[in-house]
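Undergrad: Input: one structure, supplied below.
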Amino acid sequence: MITKVYFDNAATTPVHKDVIAVITESLSNIYGNPSSSHFSGRDAKAQLEESRRKIAKILSCKPSEIFFTSCGTESNNAILSNAVNHLGVTKLLTTAIEHPSVFNTCQIHAHNTKIEYLELNKDGSVNIENLEKSLQASSEKCLVSVMHANNEMGALNDIEKIAKIAKENNAYVHSDMVQTMGHMPISFEKIPLDFAAASAHKFHGPKGVGFMYIRQPIAIQPFITGGSQERGNRSGTENLASIAGMAHALEIATENLEKDMNYLNGLKLHMREKLKSNFPTIEFLSDKDHSLCTVLSVIFPKEFDKEMLLFQLDMKGIACSGGSACSSGANKGSHVLAQFDIPEDRKVVRFSFSKFNNIDEIDFAVDKIGELLQESSSR
Ligand code: PLP
């Protein structure tokens, strides 16, 4: 019998059991420092470089274009800071719905760069015509920084088109791919990005490890300074076991990608339709046809208790989130939701799925939501 469901996979995903096995094996047996030149260091270095090769192969890029970091946040910070401080970028073209690791970092650079927030379509995607016009009208050296998919509502960008337009206009282009890495096909051969950020814990890997993609021959300065790890581009002894786990997690996540995406889209559609038929005034922030398969953002009708809803869902055994989990506890309204016309009395809840969820769990959650409505109307 189902008593609890985990629908907060956009915040983090459970670690795949085979990934745990790889991490355990690495922690147990490969204890050398990859920078040491003796046999033990060489074993560690071999696993490090093998992990890099695996990731590069999946993403159709060179291993030397992958740099390991501590998380998606560090990757985004390092890329934006390099663009402004070392690559001559004087204008950032971004969106008002980026994750705080991009949004707040852009704000930090506002004293020495111009920031332009790109116009969004109704579904939360970037208006590409407007982007092209903005780039054509800019005389500055630009960096376009647009997320592949938004973490709060699942809005999807045509990142291939965006990257092509940026390159045609001589701009650098970065994408925060934290929500899509391992969930959508990504090839850096096809998508002419200069930079991308990813994080293992969003695709059933461990927390506290990520990577950045930096297209050659772009040369960066280390954001974290110290030793010469990562060919001098990111100091600090590598988190080897987690890096090996991340590479394996990406292999698993991409081996049946199309099948998994169809499965997830099916789950998401089922929840959407069931919610709509049970609660006809419910609305959705995630676009029906064009949004990330893992994210369903729901605008609850005013009959639900806006302030208590997340707590009530938790009490009913449903783990989900309102706005971005990354900033929960900060008690600040979501800067993402602020961009959309959401009535004051409505609560927006994000249900986010993984391939380890199933239809029965969705039915359980919708039934529990029905109980909540009954309980609130009998009060
Ligand atoms: N970018 C996006 C779109 C995210 O959703 C998140 C985390 O939720 C991050 C960046 C930050 O990743 P990390 O948790 O690895 O720092």
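By convention here, the chains of the structure tokens are called A, B, ... in the order presented, each chain's residues are numbered starting at 1, and ligands are numbered starting at 1 in the order presented.
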Find the residues around region 16-19 of chain A up to 7 Å (only C-alpha atoms counted), leave out those fewer than 3 positions away in its own chain, and share them as a ChimeraX atom specification.
TA: /A:22-23,204-205,245,248-249
Undergrad: Filtering to N, CA, C and O atoms, could you give me those residues as a PDB file, in the first residue's frame?
TA:
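Wrote part-v4.pdb, looks like this:
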```
ATOM      1  N   VAL A  22      29.141   1.922  -7.642  1.00  0.00           N
ATOM      2  CA  VAL A  22      30.365   2.505  -8.223  1.00  0.00           C
ATOM      3  C   VAL A  22      31.064   3.405  -7.196  1.00  0.00           C
ATOM      4  O   VAL A  22      32.294   3.357  -7.027  1.00  0.00           O
ATOM      5  N   ILE A  23      30.268   4.208  -6.483  1.00  0.00           N
ATOM      6  CA  ILE A  23      30.844   5.122  -5.481  1.00  0.00           C
ATOM      7  C   ILE A  23      31.511   4.309  -4.360  1.00  0.00           C
ATOM      8  O   ILE A  23      32.641   4.607  -3.945  1.00  0.00           O
ATOM      9  N   HIS A 204      20.065  11.251 -10.686  1.00  0.00           N
ATOM     10  CA  HIS A 204      20.281  10.027  -9.892  1.00  0.00           C
ATOM     11  C   HIS A 204      21.752   9.771  -9.577  1.00  0.00           C
ATOM     12  O   HIS A 204      22.172   8.622  -9.399  1.00  0.00           O
ATOM     13  N   GLY A 205      22.510  10.839  -9.513  1.00  0.00           N
ATOM     14  CA  GLY A 205      23.891  10.775  -9.052  1.00  0.00           C
ATOM     15  C   GLY A 205      23.970  11.380  -7.651  1.00  0.00           C
ATOM     16  O   GLY A 205      22.951  11.771  -7.065  1.00  0.00           O
ATOM     17  N   GLY A 245      30.752   8.220  -9.800  1.00  0.00           N
ATOM     18  CA  GLY A 245      29.307   7.972  -9.671  1.00  0.00           C
ATOM     19  C   GLY A 245      28.517   8.824 -10.660  1.00  0.00           C
ATOM     20  O   GLY A 245      27.569   8.344 -11.292  1.00  0.00           O
ATOM     21  N   HIS A 248      28.747   7.426 -14.167  1.00  0.00           N
ATOM     22  CA  HIS A 248      27.911   6.235 -14.334  1.00  0.00           C
ATOM     23  C   HIS A 248      26.428   6.620 -14.343  1.00  0.00           C
ATOM     24  O   HIS A 248      25.632   6.078 -15.124  1.00  0.00           O
ATOM     25  N   ALA A 249      26.067   7.587 -13.499  1.00  0.00           N
ATOM     26  CA  ALA A 249      24.667   8.038 -13.453  1.00  0.00           C
ATOM     27  C   ALA A 249      24.251   8.600 -14.819  1.00  0.00           C
ATOM     28  O   ALA A 249      23.133   8.349 -15.287  1.00  0.00           O
TER      29      ALA A 249
END
```
Undergrad: Using only C-alpha atoms and all ligand atoms, which residues of the polymer chains come no farther than 7 Å from ligand 1? I'd like the answer as a VMD selection string.
TA: chain A and resid 10 to 11 71 to 74 98 to 99 101 147 149 to 151 176 to 179 199 201 207 to 210 324 to 326
Undergrad: Between CA of Ser187 (chain A) and CA of Ser134 (chain A), what is the spacing in Å?
TA: 26.4 Å
Undergrad: If you measure from CA of Gly32 (chain A) to CA of Ala253 (chain A), what distance in Å do you get, rounded to one decimal?
TA: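 Spanning CA of Gly32 (chain A) to CA of Ala253 (chain A) is a straight-line distance of 28.2 Å.
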Undergrad: Give me, as an mmCIF file with N, CA, C and O atoms, in the first residue's frame, all polymer residues having an atom no more than 12 Å from Pro301 (chain A), counting only C-alpha atoms and skipping those fewer than 2 positions away in the same chain.
TA:
```
data_model
loop_
_atom_site.group_PDB
_atom_site.id
_atom_site.type_symbol
_atom_site.label_atom_id
_atom_site.label_comp_id
_atom_site.auth_asym_id
_atom_site.auth_seq_id
_atom_site.Cartn_x
_atom_site.Cartn_y
_atom_site.Cartn_z
ATOM 1 N N LEU A 275 -6.039 15.614 -12.437
ATOM 2 C CA LEU A 275 -6.280 16.807 -11.617
ATOM 3 C C LEU A 275 -7.376 17.656 -12.255
ATOM 4 O O LEU A 275 -8.282 18.146 -11.578
ATOM 5 N N LYS A 276 -7.301 17.817 -13.574
ATOM 6 C CA LYS A 276 -8.266 18.674 -14.286
ATOM 7 C C LYS A 276 -9.670 18.078 -14.179
ATOM 8 O O LYS A 276 -10.644 18.815 -13.982
ATOM 9 N N ASN A 278 -10.813 16.059 -11.808
ATOM 10 C CA ASN A 278 -11.302 16.087 -10.413
ATOM 11 C C ASN A 278 -11.533 17.500 -9.883
ATOM 12 O O ASN A 278 -12.377 17.709 -9.028
ATOM 13 N N PHE A 279 -10.728 18.441 -10.373
ATOM 14 C CA PHE A 279 -10.814 19.828 -9.868
ATOM 15 C C PHE A 279 -10.840 20.761 -11.098
ATOM 16 O O PHE A 279 -9.795 21.311 -11.485
ATOM 17 N N PRO A 280 -12.010 20.952 -11.701
ATOM 18 C CA PRO A 280 -12.062 21.624 -13.009
ATOM 19 C C PRO A 280 -11.464 23.034 -13.041
ATOM 20 O O PRO A 280 -11.051 23.494 -14.109
ATOM 21 N N THR A 281 -11.395 23.716 -11.888
ATOM 22 C CA THR A 281 -10.858 25.091 -11.941
ATOM 23 C C THR A 281 -9.334 25.132 -11.734
ATOM 24 O O THR A 281 -8.738 26.198 -11.662
ATOM 25 N N ILE A 282 -8.736 23.973 -11.646
ATOM 26 C CA ILE A 282 -7.277 23.933 -11.474
ATOM 27 C C ILE A 282 -6.612 24.413 -12.761
ATOM 28 O O ILE A 282 -7.160 24.259 -13.866
ATOM 29 N N GLU A 283 -5.449 25.047 -12.628
ATOM 30 C CA GLU A 283 -4.730 25.499 -13.824
ATOM 31 C C GLU A 283 -3.272 25.053 -13.730
ATOM 32 O O GLU A 283 -2.825 24.599 -12.677
ATOM 33 N N PHE A 284 -2.577 25.224 -14.825
ATOM 34 C CA PHE A 284 -1.190 24.731 -14.876
ATOM 35 C C PHE A 284 -0.268 25.828 -15.381
ATOM 36 O O PHE A 284 -0.614 26.552 -16.316
ATOM 37 N N VAL A 298 1.540 23.322 -10.887
ATOM 38 C CA VAL A 298 0.078 23.380 -10.791
ATOM 39 C C VAL A 298 -0.344 24.638 -10.029
ATOM 40 O O VAL A 298 0.192 24.933 -8.957
ATOM 41 N N ILE A 299 -1.343 25.357 -10.597
ATOM 42 C CA ILE A 299 -1.911 26.529 -9.892
ATOM 43 C C ILE A 299 -3.205 26.050 -9.246
ATOM 44 O O ILE A 299 -4.197 25.792 -9.926
ATOM 45 N N GLU A 303 -9.981 27.480 -3.423
ATOM 46 C CA GLU A 303 -10.589 26.664 -2.355
ATOM 47 C C GLU A 303 -9.523 25.973 -1.499
ATOM 48 O O GLU A 303 -9.789 25.562 -0.381
ATOM 49 N N PHE A 304 -8.330 25.833 -2.039
ATOM 50 C CA PHE A 304 -7.248 25.224 -1.246
ATOM 51 C C PHE A 304 -6.588 26.314 -0.404
ATOM 52 O O PHE A 304 -6.523 27.474 -0.820
ATOM 53 N N ASP A 305 -6.094 25.912 0.762
ATOM 54 C CA ASP A 305 -5.496 26.873 1.687
ATOM 55 C C ASP A 305 -4.074 27.223 1.235
ATOM 56 O O ASP A 305 -3.141 26.429 1.400
ATOM 57 N N LYS A 306 -3.946 28.427 0.693
ATOM 58 C CA LYS A 306 -2.677 28.816 0.066
ATOM 59 C C LYS A 306 -1.487 28.678 1.021
ATOM 60 O O LYS A 306 -0.429 28.161 0.655
ATOM 61 N N LEU A 309 -1.020 24.713 2.168
ATOM 62 C CA LEU A 309 -1.115 23.596 1.220
ATOM 63 C C LEU A 309 0.115 22.680 1.207
ATOM 64 O O LEU A 309 -0.014 21.450 1.264
ATOM 65 N N ILE A 342 -0.189 35.350 -11.774
ATOM 66 C CA ILE A 342 -0.855 34.355 -10.931
ATOM 67 C C ILE A 342 -1.660 35.082 -9.858
ATOM 68 O O ILE A 342 -1.095 35.899 -9.117
ATOM 69 N N PRO A 343 -2.992 34.831 -9.794
ATOM 70 C CA PRO A 343 -3.800 35.545 -8.805
ATOM 71 C C PRO A 343 -3.229 35.358 -7.395
ATOM 72 O O PRO A 343 -2.735 34.285 -7.058
ATOM 73 N N GLU A 344 -3.338 36.408 -6.614
ATOM 74 C CA GLU A 344 -2.800 36.463 -5.238
ATOM 75 C C GLU A 344 -3.214 35.278 -4.371
ATOM 76 O O GLU A 344 -2.442 34.803 -3.546
ATOM 77 N N ASP A 345 -4.467 34.816 -4.581
ATOM 78 C CA ASP A 345 -4.995 33.791 -3.667
ATOM 79 C C ASP A 345 -4.695 32.362 -4.128
ATOM 80 O O ASP A 345 -5.274 31.416 -3.619
ATOM 81 N N ARG A 346 -3.821 32.198 -5.108
ATOM 82 C CA ARG A 346 -3.528 30.849 -5.608
ATOM 83 C C ARG A 346 -2.145 30.381 -5.182
ATOM 84 O O ARG A 346 -1.197 31.179 -5.166
ATOM 85 N N LYS A 347 -2.080 29.102 -4.878
ATOM 86 C CA LYS A 347 -0.782 28.505 -4.533
ATOM 87 C C LYS A 347 -0.279 27.710 -5.736
ATOM 88 O O LYS A 347 -1.020 26.922 -6.336
ATOM 89 N N VAL A 348 0.991 27.923 -6.060
ATOM 90 C CA VAL A 348 1.598 27.149 -7.146
ATOM 91 C C VAL A 348 2.450 26.041 -6.519
ATOM 92 O O VAL A 348 3.286 26.306 -5.658
ATOM 93 N N VAL A 349 2.186 24.810 -6.943
ATOM 94 C CA VAL A 349 2.930 23.664 -6.407
ATOM 95 C C VAL A 349 3.602 22.929 -7.564
ATOM 96 O O VAL A 349 2.990 22.698 -8.605
ATOM 97 N N ILE A 369 -5.191 14.772 -2.568
ATOM 98 C CA ILE A 369 -5.535 16.180 -2.829
ATOM 99 C C ILE A 369 -7.064 16.344 -2.716
ATOM 100 O O ILE A 369 -7.565 17.331 -2.163
ATOM 101 N N LEU A 373 -9.349 18.810 -0.121
ATOM 102 C CA LEU A 373 -10.424 19.726 -0.503
ATOM 103 C C LEU A 373 -11.669 19.446 0.343
ATOM 104 O O LEU A 373 -12.305 20.376 0.848
#
```
Undergrad: Could you name the residues that touch Met271 (chain A) at 9 Å or less, counting only C-alpha atoms, but leaving out those on the same chain fewer than 3 positions away, as a PyMOL selection string?
TA: chain A and resi 266-268+274-276+296+359+362-363+365-366
Undergrad: Going by DSSP on the backbone, which residues of region 34-169 of chain A come out as alpha helix (DSSP H)? List them as a VMD selection string.
TA: chain A and resid 39 to 59 72 to 86 100 to 108 128 to 137 159 to 168
Undergrad: Write the residues of the selection above to a file with C-alpha atoms, as a CSV table (one decimal), in the first residue's frame.
TA:
```
chain,number,residue,atom,x,y,z
A,39,PHE,CA,50.7,3.8,-8.5
A,40,SER,CA,47.9,4.7,-6.1
A,41,GLY,CA,47.6,8.2,-7.6
A,42,ARG,CA,47.8,6.8,-11.1
A,43,ASP,CA,44.8,4.5,-10.3
A,44,ALA,CA,42.8,7.5,-9.1
A,45,LYS,CA,43.9,9.6,-12.1
A,46,ALA,CA,42.8,6.7,-14.4
A,47,GLN,CA,39.3,6.7,-12.9
A,48,LEU,CA,39.1,10.4,-13.1
A,49,GLU,CA,40.0,10.5,-16.8
A,50,GLU,CA,37.8,7.5,-17.6
A,51,SER,CA,34.8,9.4,-16.0
A,52,ARG,CA,35.6,12.5,-18.1
A,53,ARG,CA,35.8,10.4,-21.2
A,54,LYS,CA,32.4,8.7,-20.5
A,55,ILE,CA,30.7,12.1,-20.0
A,56,ALA,CA,32.3,13.6,-23.1
A,57,LYS,CA,31.3,10.6,-25.2
A,58,ILE,CA,27.7,11.0,-24.2
A,59,LEU,CA,27.7,14.7,-24.9
A,72,GLY,CA,25.6,23.2,-10.7
A,73,THR,CA,25.8,26.5,-8.7
A,74,GLU,CA,29.6,26.5,-8.8
A,75,SER,CA,29.6,25.8,-12.5
A,76,ASN,CA,27.2,28.7,-13.2
A,77,ASN,CA,29.2,31.0,-11.0
A,78,ALA,CA,32.5,30.1,-12.6
A,79,ILE,CA,31.2,30.5,-16.1
A,80,LEU,CA,29.5,33.9,-15.5
A,81,SER,CA,32.4,35.3,-13.5
A,82,ASN,CA,34.9,34.2,-16.2
A,83,ALA,CA,32.8,35.8,-19.0
A,84,VAL,CA,32.7,39.1,-17.2
A,85,ASN,CA,36.1,39.2,-15.5
A,86,HIS,CA,38.3,37.5,-18.1
A,100,PRO,CA,19.4,31.9,-8.4
A,101,SER,CA,22.9,30.6,-9.2
A,102,VAL,CA,22.6,32.5,-12.5
A,103,PHE,CA,20.1,35.2,-11.6
A,104,ASN,CA,21.8,36.4,-8.4
A,105,THR,CA,25.3,36.0,-10.0
A,106,CYS,CA,24.3,38.3,-12.9
A,107,GLN,CA,23.1,40.9,-10.3
A,108,ILE,CA,26.4,40.7,-8.5
A,128,ILE,CA,13.8,34.1,-30.0
A,129,GLU,CA,13.0,36.9,-32.4
A,130,ASN,CA,13.5,39.4,-29.6
A,131,LEU,CA,16.8,37.8,-28.7
A,132,GLU,CA,18.0,38.1,-32.2
A,133,LYS,CA,17.0,41.8,-32.4
A,134,SER,CA,18.7,42.5,-29.1
A,135,LEU,CA,21.9,40.9,-30.2
A,136,GLN,CA,21.9,42.8,-33.5
A,137,ALA,CA,21.3,46.1,-31.7
A,159,ILE,CA,18.7,26.0,-26.9
A,160,GLU,CA,20.1,24.9,-30.3
A,161,LYS,CA,18.4,27.8,-32.0
A,162,ILE,CA,19.4,30.2,-29.2
A,163,ALA,CA,23.1,29.1,-29.4
A,164,LYS,CA,23.1,29.4,-33.2
A,165,ILE,CA,21.7,32.9,-33.1
A,166,ALA,CA,24.2,33.9,-30.4
A,167,LYS,CA,27.1,32.6,-32.4
A,168,GLU,CA,25.9,34.3,-35.6
```
Undergrad: Write out as number ranges by chain the set of residues from region 6-228 of chain A that DSSP, computed on the backbone, places in strand (DSSP E or B).
TA: A: 6, 8, 66-69, 91-94, 114-117, 120, 126, 142-145, 149, 155-156, 172-176, 181, 184, 195-199, 210-214
Undergrad: Counting only C-alpha atoms, which of A:Met1, A:Thr254, A:Ala338, A:Lys368 gets nearest to Met315 (chain A)?
TA: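 Ranked by minimum distance to Met315 (chain A), first place goes to A:Lys368.
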Undergrad: Neighbouring residues of Phe195 (chain A) were defined as those with any atom within 6 Å, considering only C-alpha atoms; residues of the same chain fewer than 4 positions away were excluded. Please report them as a PyMOL selection string.
TA: chain A and resi 174+213-214
Undergrad: Could you write out the selected residues, including all heavy atoms, as a short mmCIF file (atom, residue, chain, number, x, y, z; two decimals), in the first residue's frame?
TA:
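Written file, selection-v4.cif:
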```cif
data_model
loop_
_atom_site.label_atom_id
_atom_site.label_comp_id
_atom_site.auth_asym_id
_atom_site.auth_seq_id
_atom_site.Cartn_x
_atom_site.Cartn_y
_atom_site.Cartn_z
N HIS A 174 25.94 30.58 -23.00
CA HIS A 174 25.97 29.63 -21.89
C HIS A 174 24.56 29.12 -21.62
O HIS A 174 23.59 29.87 -21.75
CB HIS A 174 26.49 30.35 -20.63
CG HIS A 174 26.20 29.63 -19.34
ND1 HIS A 174 26.52 28.30 -19.14
CD2 HIS A 174 25.62 30.04 -18.17
CE1 HIS A 174 26.16 27.93 -17.92
NE2 HIS A 174 25.61 28.96 -17.32
N TYR A 213 30.91 22.46 -19.01
CA TYR A 213 31.42 22.26 -20.37
C TYR A 213 31.95 23.61 -20.83
O TYR A 213 31.27 24.63 -20.70
CB TYR A 213 30.28 21.78 -21.28
CG TYR A 213 30.59 21.94 -22.74
CD1 TYR A 213 31.45 21.05 -23.39
CD2 TYR A 213 30.06 23.00 -23.48
CE1 TYR A 213 31.76 21.22 -24.73
CE2 TYR A 213 30.36 23.17 -24.82
CZ TYR A 213 31.22 22.28 -25.44
OH TYR A 213 31.52 22.44 -26.77
N ILE A 214 33.18 23.60 -21.33
CA ILE A 214 33.76 24.84 -21.88
C ILE A 214 34.35 24.50 -23.24
O ILE A 214 35.29 23.70 -23.33
CB ILE A 214 34.83 25.43 -20.94
CG1 ILE A 214 34.18 25.76 -19.59
CG2 ILE A 214 35.45 26.69 -21.56
CD1 ILE A 214 35.14 26.23 -18.54
#
```
Undergrad: Please compute the CA of Gly333 (chain A)-CA of Asn112 (chain A) distance, one decimal, in Å.
TA: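 CA of Asn112 (chain A) lies 27.1 Å from CA of Gly333 (chain A).
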Undergrad: When distances are computed from only C-alpha atoms, which of A:Thr294, A:Ser376, A:Gln339, A:Gln221 shows the smallest separation from Asp8 (chain A)?
TA: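 Between A:Thr294, A:Ser376, A:Gln339, A:Gln221, the residue approaching Asp8 (chain A) most closely is A:Thr294.
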Undergrad: Within 9 Å of Pro222 (chain A), counting only C-alpha atoms, which residues show up once you throw out same-chain ones fewer than 2 positions away? Write them as an MDAnalysis selection string, please.
TA: chainID A and resid 78 82 220 224:226 232:235
